Amino acid sequence: MNPIMFSVGPFHIYWYSFILLIGFVLGFFILLKMGEKEGISKSFIYDYACYLIPIVLVGARIYYVLFSFDYYIHDIMGIFRVWEGGLAIHGGILAGALFTYFYSKKKNVSFFKLTDILVISLILGQIIGRWGNFFNGEAYGPETTYTFLHSLHLPKFIIDGMHINQTYYHPTFLYESLWNFVGLLVLFFIKRRSKVPGTMSAFYIIHYGIGRFLIESLRQDSLMLGSIKVAQLISVVMVILGISILVFTRKVLKECNKNMM
């Protein structure tokens, strides 16, 4: 699969960058619309997004570089070639969450009220963003056969894209994209049913943590910490954190109800 979308003279427009851009733009507009419904002003969302997007990108890149330092120590300038790939979503989530916490406190906006709408934009961006991995020929699983891929009723262009160096591989990018799509549907369901702040955020953390842990077991290009896949370690932490948020928010709600009686 050619990672270059098109070229203008010596300049190249990469599919990876283009797809990430689509994810960020759609995510921003969803954040804007949902923020309005929750009583969060447009001006707040615009200011928040202007800081959040570059912080997430930098966080995702720093995280990736830190756990790939053995490679980048021999190619320092490669750190800045983001269009070649190399953004770790866990780093982006961590940077974005920390920024959102402090920014919401500064602007006196409920942290969970903000993250509950942010996770919808985030998971949509992940659904779209994984296709950037496809065009870059990365984030694939173990070797498989054409027959297996064909049995999944995949479009021909995906099967062809998974034919790398004369070998067919599992499309783990697609598995994760579909897993996140299911998560998006459940988030909309939770939004309609639950009024407890933090529930959507907790579900996203648990859902993504479980899915990423399982899918990461197939990945062939994982970031490693010794013999441990970093993404699996972080996924376990995410699931524990998500469960903790569910317990905490319900305990706070219960205490509030008792005080109101």
# chains A, B, ... in the order shown; residues from 1 in each chain; ligands from 1

$ residues_around --residues "stretch 84-86 of chain A" --least-positions-apart "5" --cutoff "9 Å" --atoms "only C-alpha atoms" --output "ChimeraX atom specification"
/A:3,14,16-17,60-61,64-65,78-79,132-133,136,138

$ write_last_selection --atoms "N, CA and C atoms" --output "PDB file, in the first residue's frame"
ATOM      1  N   PRO A   3       1.939   4.742   0.910  1.00  0.00           N
ATOM      2  CA  PRO A   3       1.565   5.678   1.982  1.00  0.00           C
ATOM      3  C   PRO A   3       1.349   7.105   1.496  1.00  0.00           C
ATOM      4  N   TYR A  14       0.665  12.644   2.686  1.00  0.00           N
ATOM      5  CA  TYR A  14       0.583  11.256   3.117  1.00  0.00           C
ATOM      6  C   TYR A  14      -0.833  10.904   3.586  1.00  0.00           C
ATOM      7  N   TYR A  16      -1.570   8.924   5.946  1.00  0.00           N
ATOM      8  CA  TYR A  16      -1.550   8.919   7.413  1.00  0.00           C
ATOM      9  C   TYR A  16      -1.933  10.293   7.957  1.00  0.00           C
ATOM     10  N   SER A  17      -1.286  11.335   7.450  1.00  0.00           N
ATOM     11  CA  SER A  17      -1.557  12.693   7.921  1.00  0.00           C
ATOM     12  C   SER A  17      -2.973  13.123   7.551  1.00  0.00           C
ATOM     13  N   ALA A  60       1.508  11.968  22.284  1.00  0.00           N
ATOM     14  CA  ALA A  60       1.516  10.696  21.562  1.00  0.00           C
ATOM     15  C   ALA A  60       2.889  10.437  20.940  1.00  0.00           C
ATOM     16  N   ARG A  61       3.503  11.487  20.443  1.00  0.00           N
ATOM     17  CA  ARG A  61       4.819  11.329  19.815  1.00  0.00           C
ATOM     18  C   ARG A  61       5.908  11.067  20.848  1.00  0.00           C
ATOM     19  N   TYR A  64       5.745   7.522  22.086  1.00  0.00           N
ATOM     20  CA  TYR A  64       6.246   6.577  21.085  1.00  0.00           C
ATOM     21  C   TYR A  64       7.774   6.606  21.017  1.00  0.00           C
ATOM     22  N   VAL A  65       8.325   7.800  21.011  1.00  0.00           N
ATOM     23  CA  VAL A  65       9.782   7.947  20.897  1.00  0.00           C
ATOM     24  C   VAL A  65      10.480   7.366  22.126  1.00  0.00           C
ATOM     25  N   GLY A  78      14.665  11.655  12.756  1.00  0.00           N
ATOM     26  CA  GLY A  78      13.467  10.860  12.523  1.00  0.00           C
ATOM     27  C   GLY A  78      12.374  11.139  13.540  1.00  0.00           C
ATOM     28  N   ILE A  79      12.757  11.677  14.695  1.00  0.00           N
ATOM     29  CA  ILE A  79      11.774  12.027  15.722  1.00  0.00           C
ATOM     30  C   ILE A  79      10.752  13.019  15.185  1.00  0.00           C
ATOM     31  N   GLY A 132      -5.071   5.068   9.090  1.00  0.00           N
ATOM     32  CA  GLY A 132      -3.777   5.634   8.752  1.00  0.00           C
ATOM     33  C   GLY A 132      -2.689   4.584   8.883  1.00  0.00           C
ATOM     34  N   ASN A 133      -2.820   3.697   9.899  1.00  0.00           N
ATOM     35  CA  ASN A 133      -1.881   2.586  10.059  1.00  0.00           C
ATOM     36  C   ASN A 133      -1.939   1.647   8.862  1.00  0.00           C
ATOM     37  N   ASN A 136      -0.045   3.061   6.035  1.00  0.00           N
ATOM     38  CA  ASN A 136       1.384   3.074   6.339  1.00  0.00           C
ATOM     39  C   ASN A 136       1.977   1.661   6.396  1.00  0.00           C
ATOM     40  N   GLU A 138       1.437  -0.664   8.772  1.00  0.00           N
ATOM     41  CA  GLU A 138       1.897  -0.927  10.135  1.00  0.00           C
ATOM     42  C   GLU A 138       0.719  -1.388  10.993  1.00  0.00           C
TER      43      GLU A 138
END

$ residues_around --residues "stretch 37-52 of chain A" --least-positions-apart "5" --cutoff "8 Å" --atoms "only C-alpha atoms" --output "list in words"
Phe28, Leu31, Leu32, Gly96, Phe99, Thr100, Tyr103 and Lys113 of chain A

$ closest_residue --among "A:Lys195, A:Lys33, A:Lys106, A:His163" --to "A:Tyr146" --atoms "only C-alpha atoms"
A:His163

$ residues_around --residues "A:Phe67" --least-positions-apart "6" --cutoff "9 Å" --atoms "only C-alpha atoms" --output "PyMOL selection string"
chain A and resi 223-225+230

$ residues_around --residues "A:Gly92" --least-positions-apart "4" --cutoff "9 Å" --atoms "only C-alpha atoms" --output "list in words"
Ile55, Val56, Leu57, Val58, Gly59, Ala60, Arg61, Ile62, Tyr63, Leu87, Ala88, Gly96 and Ala97 of chain A

$ write_last_selection --atoms "N, CA and C atoms" --output "compact mmCIF listing (two decimals), in the first residue's frame"
# COMPACT_ATOMS: atom_id res chain seq x y z
N ILE A 55 -1.30 19.33 22.17
CA ILE A 55 -0.81 18.63 23.36
C ILE A 55 -0.95 17.12 23.19
N VAL A 56 -2.07 16.68 22.65
CA VAL A 56 -2.30 15.25 22.40
C VAL A 56 -1.28 14.71 21.40
N LEU A 57 -1.05 15.45 20.32
CA LEU A 57 -0.09 15.01 19.31
C LEU A 57 1.33 14.91 19.86
N VAL A 58 1.71 15.92 20.63
CA VAL A 58 3.06 15.92 21.21
C VAL A 58 3.18 14.79 22.22
N GLY A 59 2.14 14.60 23.05
CA GLY A 59 2.16 13.52 24.03
C GLY A 59 2.26 12.16 23.37
N ALA A 60 1.51 11.97 22.28
CA ALA A 60 1.52 10.70 21.56
C ALA A 60 2.89 10.44 20.94
N ARG A 61 3.50 11.49 20.44
CA ARG A 61 4.82 11.33 19.81
C ARG A 61 5.91 11.07 20.85
N ILE A 62 5.89 11.82 21.94
CA ILE A 62 6.90 11.64 22.98
C ILE A 62 6.84 10.23 23.55
N TYR A 63 5.65 9.75 23.80
CA TYR A 63 5.45 8.40 24.33
C TYR A 63 6.04 7.37 23.38
N LEU A 87 2.80 7.52 16.35
CA LEU A 87 2.03 8.20 17.38
C LEU A 87 1.38 7.12 18.24
N ALA A 88 1.63 7.15 19.53
CA ALA A 88 1.08 6.15 20.44
C ALA A 88 -0.14 6.74 21.14
N GLY A 96 -3.63 14.31 27.11
CA GLY A 96 -4.92 14.97 26.99
C GLY A 96 -5.68 14.96 28.30
N ALA A 97 -5.62 13.85 29.04
CA ALA A 97 -6.34 13.75 30.32
C ALA A 97 -5.76 14.70 31.35

$ closest_residue --among "A:Leu114, A:Ala139, A:Ile22, A:Val252" --to "A:Ser217" --atoms "only C-alpha atoms"
A:Ala139

$ residues_around --residues "A:Leu246" --least-positions-apart "3" --cutoff "12 Å" --atoms "only C-alpha atoms" --output "list of chain:residue names"
A:Phe112, A:Ser194, A:Val196, A:Pro197, A:Gly198, A:Thr199, A:Met200, A:Ser201, A:Ala202, A:Phe203, A:Tyr204, A:Ile205, A:Ile206, A:Val239, A:Ile240, A:Leu241, A:Gly242, A:Ile243, A:Thr249, A:Arg250, A:Lys251, A:Val252, A:Leu253

$ closest_residue --among "A:Ile245, A:Ile123, A:Ile128, A:Leu21" --to "A:Ile53" --atoms "only C-alpha atoms"
A:Leu21

$ atom_distance --atom1 "atom CA of A:Arg193" --atom2 "atom CA of A:Ile215"
29.1 Å

$ select_by_dssp --residues "stretch 39-189 of chain A" --states "alpha helix (DSSP H)" --output "PDB file with C-alpha atoms, in the first residue's frame"
ATOM      1  CA  LYS A  42     -18.524  27.479  21.957  1.00  0.00           C
ATOM      2  CA  SER A  43     -15.772  29.842  23.022  1.00  0.00           C
ATOM      3  CA  PHE A  44     -14.653  27.373  25.713  1.00  0.00           C
ATOM      4  CA  ILE A  45     -14.593  24.470  23.246  1.00  0.00           C
ATOM      5  CA  TYR A  46     -12.647  26.487  20.659  1.00  0.00           C
ATOM      6  CA  ASP A  47     -10.034  27.558  23.222  1.00  0.00           C
ATOM      7  CA  TYR A  48      -9.889  24.083  24.775  1.00  0.00           C
ATOM      8  CA  ALA A  49      -9.431  22.332  21.408  1.00  0.00           C
ATOM      9  CA  CYS A  50      -6.726  24.773  20.291  1.00  0.00           C
ATOM     10  CA  TYR A  51      -4.617  23.674  23.256  1.00  0.00           C
ATOM     11  CA  LEU A  52      -5.751  20.060  23.422  1.00  0.00           C
ATOM     12  CA  ILE A  53      -4.972  18.943  19.857  1.00  0.00           C
ATOM     13  CA  PRO A  54      -1.273  19.902  19.791  1.00  0.00           C
ATOM     14  CA  ILE A  55      -0.811  18.630  23.357  1.00  0.00           C
ATOM     15  CA  VAL A  56      -2.295  15.253  22.404  1.00  0.00           C
ATOM     16  CA  LEU A  57      -0.095  15.011  19.306  1.00  0.00           C
ATOM     17  CA  VAL A  58       3.056  15.921  21.214  1.00  0.00           C
ATOM     18  CA  GLY A  59       2.163  13.523  24.029  1.00  0.00           C
ATOM     19  CA  ALA A  60       1.516  10.696  21.562  1.00  0.00           C
ATOM     20  CA  ARG A  61       4.819  11.329  19.815  1.00  0.00           C
ATOM     21  CA  ILE A  62       6.905  11.642  22.978  1.00  0.00           C
ATOM     22  CA  TYR A  63       5.446   8.405  24.328  1.00  0.00           C
ATOM     23  CA  TYR A  64       6.246   6.577  21.085  1.00  0.00           C
ATOM     24  CA  VAL A  65       9.782   7.947  20.897  1.00  0.00           C
ATOM     25  CA  LEU A  66      10.530   7.101  24.549  1.00  0.00           C
ATOM     26  CA  PHE A  69      14.541   5.173  21.787  1.00  0.00           C
ATOM     27  CA  ASP A  70      16.872   2.386  20.671  1.00  0.00           C
ATOM     28  CA  TYR A  71      15.800   3.212  17.120  1.00  0.00           C
ATOM     29  CA  TYR A  72      15.723   7.005  17.319  1.00  0.00           C
ATOM     30  CA  ILE A  89      -2.544   6.682  21.435  1.00  0.00           C
ATOM     31  CA  HIS A  90      -1.818   5.931  25.094  1.00  0.00           C
ATOM     32  CA  GLY A  91       0.595   8.858  25.221  1.00  0.00           C
ATOM     33  CA  GLY A  92      -2.016  11.113  23.644  1.00  0.00           C
ATOM     34  CA  ILE A  93      -4.694   9.975  26.100  1.00  0.00           C
ATOM     35  CA  LEU A  94      -2.415  10.570  29.082  1.00  0.00           C
ATOM     36  CA  ALA A  95      -1.347  14.034  27.919  1.00  0.00           C
ATOM     37  CA  GLY A  96      -4.919  14.967  26.995  1.00  0.00           C
ATOM     38  CA  ALA A  97      -6.341  13.748  30.318  1.00  0.00           C
ATOM     39  CA  LEU A  98      -3.792  15.671  32.375  1.00  0.00           C
ATOM     40  CA  PHE A  99      -4.356  18.840  30.380  1.00  0.00           C
ATOM     41  CA  THR A 100      -8.148  18.455  30.571  1.00  0.00           C
ATOM     42  CA  TYR A 101      -8.016  18.036  34.354  1.00  0.00           C
ATOM     43  CA  PHE A 102      -6.045  21.221  34.952  1.00  0.00           C
ATOM     44  CA  TYR A 103      -7.853  23.226  32.259  1.00  0.00           C
ATOM     45  CA  SER A 104     -11.300  22.255  33.571  1.00  0.00           C
ATOM     46  CA  LYS A 105     -10.258  23.280  37.084  1.00  0.00           C
ATOM     47  CA  LYS A 106      -8.960  26.603  35.836  1.00  0.00           C
ATOM     48  CA  LYS A 107     -12.140  27.324  33.857  1.00  0.00           C
ATOM     49  CA  PHE A 111     -13.975  17.440  34.615  1.00  0.00           C
ATOM     50  CA  PHE A 112     -16.241  14.433  34.062  1.00  0.00           C
ATOM     51  CA  LYS A 113     -18.819  16.523  32.246  1.00  0.00           C
ATOM     52  CA  LEU A 114     -16.100  17.448  29.787  1.00  0.00           C
ATOM     53  CA  THR A 115     -14.499  14.011  29.488  1.00  0.00           C
ATOM     54  CA  ASP A 116     -17.888  12.321  28.998  1.00  0.00           C
ATOM     55  CA  ILE A 117     -18.313  14.175  25.713  1.00  0.00           C
ATOM     56  CA  LEU A 118     -14.616  14.107  24.886  1.00  0.00           C
ATOM     57  CA  VAL A 119     -14.491  10.293  24.828  1.00  0.00           C
ATOM     58  CA  ILE A 120     -17.024  10.230  21.982  1.00  0.00           C
ATOM     59  CA  SER A 121     -14.782  12.474  19.884  1.00  0.00           C
ATOM     60  CA  LEU A 122     -11.767  10.424  20.947  1.00  0.00           C
ATOM     61  CA  ILE A 123     -13.153   7.026  20.045  1.00  0.00           C
ATOM     62  CA  LEU A 124     -14.410   8.347  16.699  1.00  0.00           C
ATOM     63  CA  GLY A 125     -10.930   9.660  16.001  1.00  0.00           C
ATOM     64  CA  GLN A 126      -9.485   6.237  16.836  1.00  0.00           C
ATOM     65  CA  ILE A 127     -11.938   4.490  14.515  1.00  0.00           C
ATOM     66  CA  ILE A 128     -10.769   6.706  11.676  1.00  0.00           C
ATOM     67  CA  GLY A 129      -7.135   7.001  12.718  1.00  0.00           C
ATOM     68  CA  ARG A 130      -6.415   3.270  12.596  1.00  0.00           C
ATOM     69  CA  TRP A 131      -6.863   3.449   8.832  1.00  0.00           C
ATOM     70  CA  GLY A 132      -3.777   5.634   8.752  1.00  0.00           C
ATOM     71  CA  ASN A 133      -1.881   2.586  10.059  1.00  0.00           C
ATOM     72  CA  PHE A 134      -3.315   0.568   7.180  1.00  0.00           C
ATOM     73  CA  PHE A 135      -1.970   2.962   4.549  1.00  0.00           C
ATOM     74  CA  ASN A 136       1.384   3.074   6.339  1.00  0.00           C
ATOM     75  CA  TYR A 146      -5.223 -15.259   1.683  1.00  0.00           C
ATOM     76  CA  THR A 147      -7.862 -17.931   2.266  1.00  0.00           C
ATOM     77  CA  PHE A 148      -8.405 -16.794   5.858  1.00  0.00           C
ATOM     78  CA  LEU A 149      -8.647 -13.118   4.943  1.00  0.00           C
ATOM     79  CA  HIS A 150     -11.022 -13.931   2.105  1.00  0.00           C
ATOM     80  CA  SER A 151     -13.185 -15.952   4.521  1.00  0.00           C
ATOM     81  CA  LYS A 156     -10.073  -6.742  -1.920  1.00  0.00           C
ATOM     82  CA  PHE A 157      -8.142  -3.539  -1.164  1.00  0.00           C
ATOM     83  CA  ILE A 158      -7.790  -4.539   2.506  1.00  0.00           C
ATOM     84  CA  ILE A 159      -6.609  -8.045   1.608  1.00  0.00           C
ATOM     85  CA  ASP A 160      -4.147  -6.557  -0.869  1.00  0.00           C
ATOM     86  CA  GLY A 161      -2.981  -4.051   1.752  1.00  0.00           C
ATOM     87  CA  THR A 172      -5.318  -5.819  13.529  1.00  0.00           C
ATOM     88  CA  PHE A 173      -5.844  -2.173  12.600  1.00  0.00           C
ATOM     89  CA  LEU A 174      -9.288  -3.217  11.353  1.00  0.00           C
ATOM     90  CA  TYR A 175     -10.033  -5.325  14.433  1.00  0.00           C
ATOM     91  CA  GLU A 176      -9.361  -2.329  16.650  1.00  0.00           C
ATOM     92  CA  SER A 177     -11.298   0.057  14.425  1.00  0.00           C
ATOM     93  CA  LEU A 178     -14.346  -2.238  14.571  1.00  0.00           C
ATOM     94  CA  TRP A 179     -13.969  -2.760  18.331  1.00  0.00           C
ATOM     95  CA  ASN A 180     -13.996   1.004  18.810  1.00  0.00           C
ATOM     96  CA  PHE A 181     -17.041   1.328  16.555  1.00  0.00           C
ATOM     97  CA  VAL A 182     -18.927  -1.011  18.872  1.00  0.00           C
ATOM     98  CA  GLY A 183     -17.719   1.110  21.785  1.00  0.00           C
ATOM     99  CA  LEU A 184     -19.037   4.253  20.107  1.00  0.00           C
ATOM    100  CA  LEU A 185     -22.501   2.730  19.765  1.00  0.00           C
ATOM    101  CA  VAL A 186     -22.501   1.716  23.438  1.00  0.00           C
ATOM    102  CA  LEU A 187     -21.386   5.205  24.466  1.00  0.00           C
ATOM    103  CA  PHE A 188     -24.400   6.728  22.722  1.00  0.00           C
ATOM    104  CA  PHE A 189     -26.613   4.193  24.517  1.00  0.00           C
TER     105      PHE A 189
END
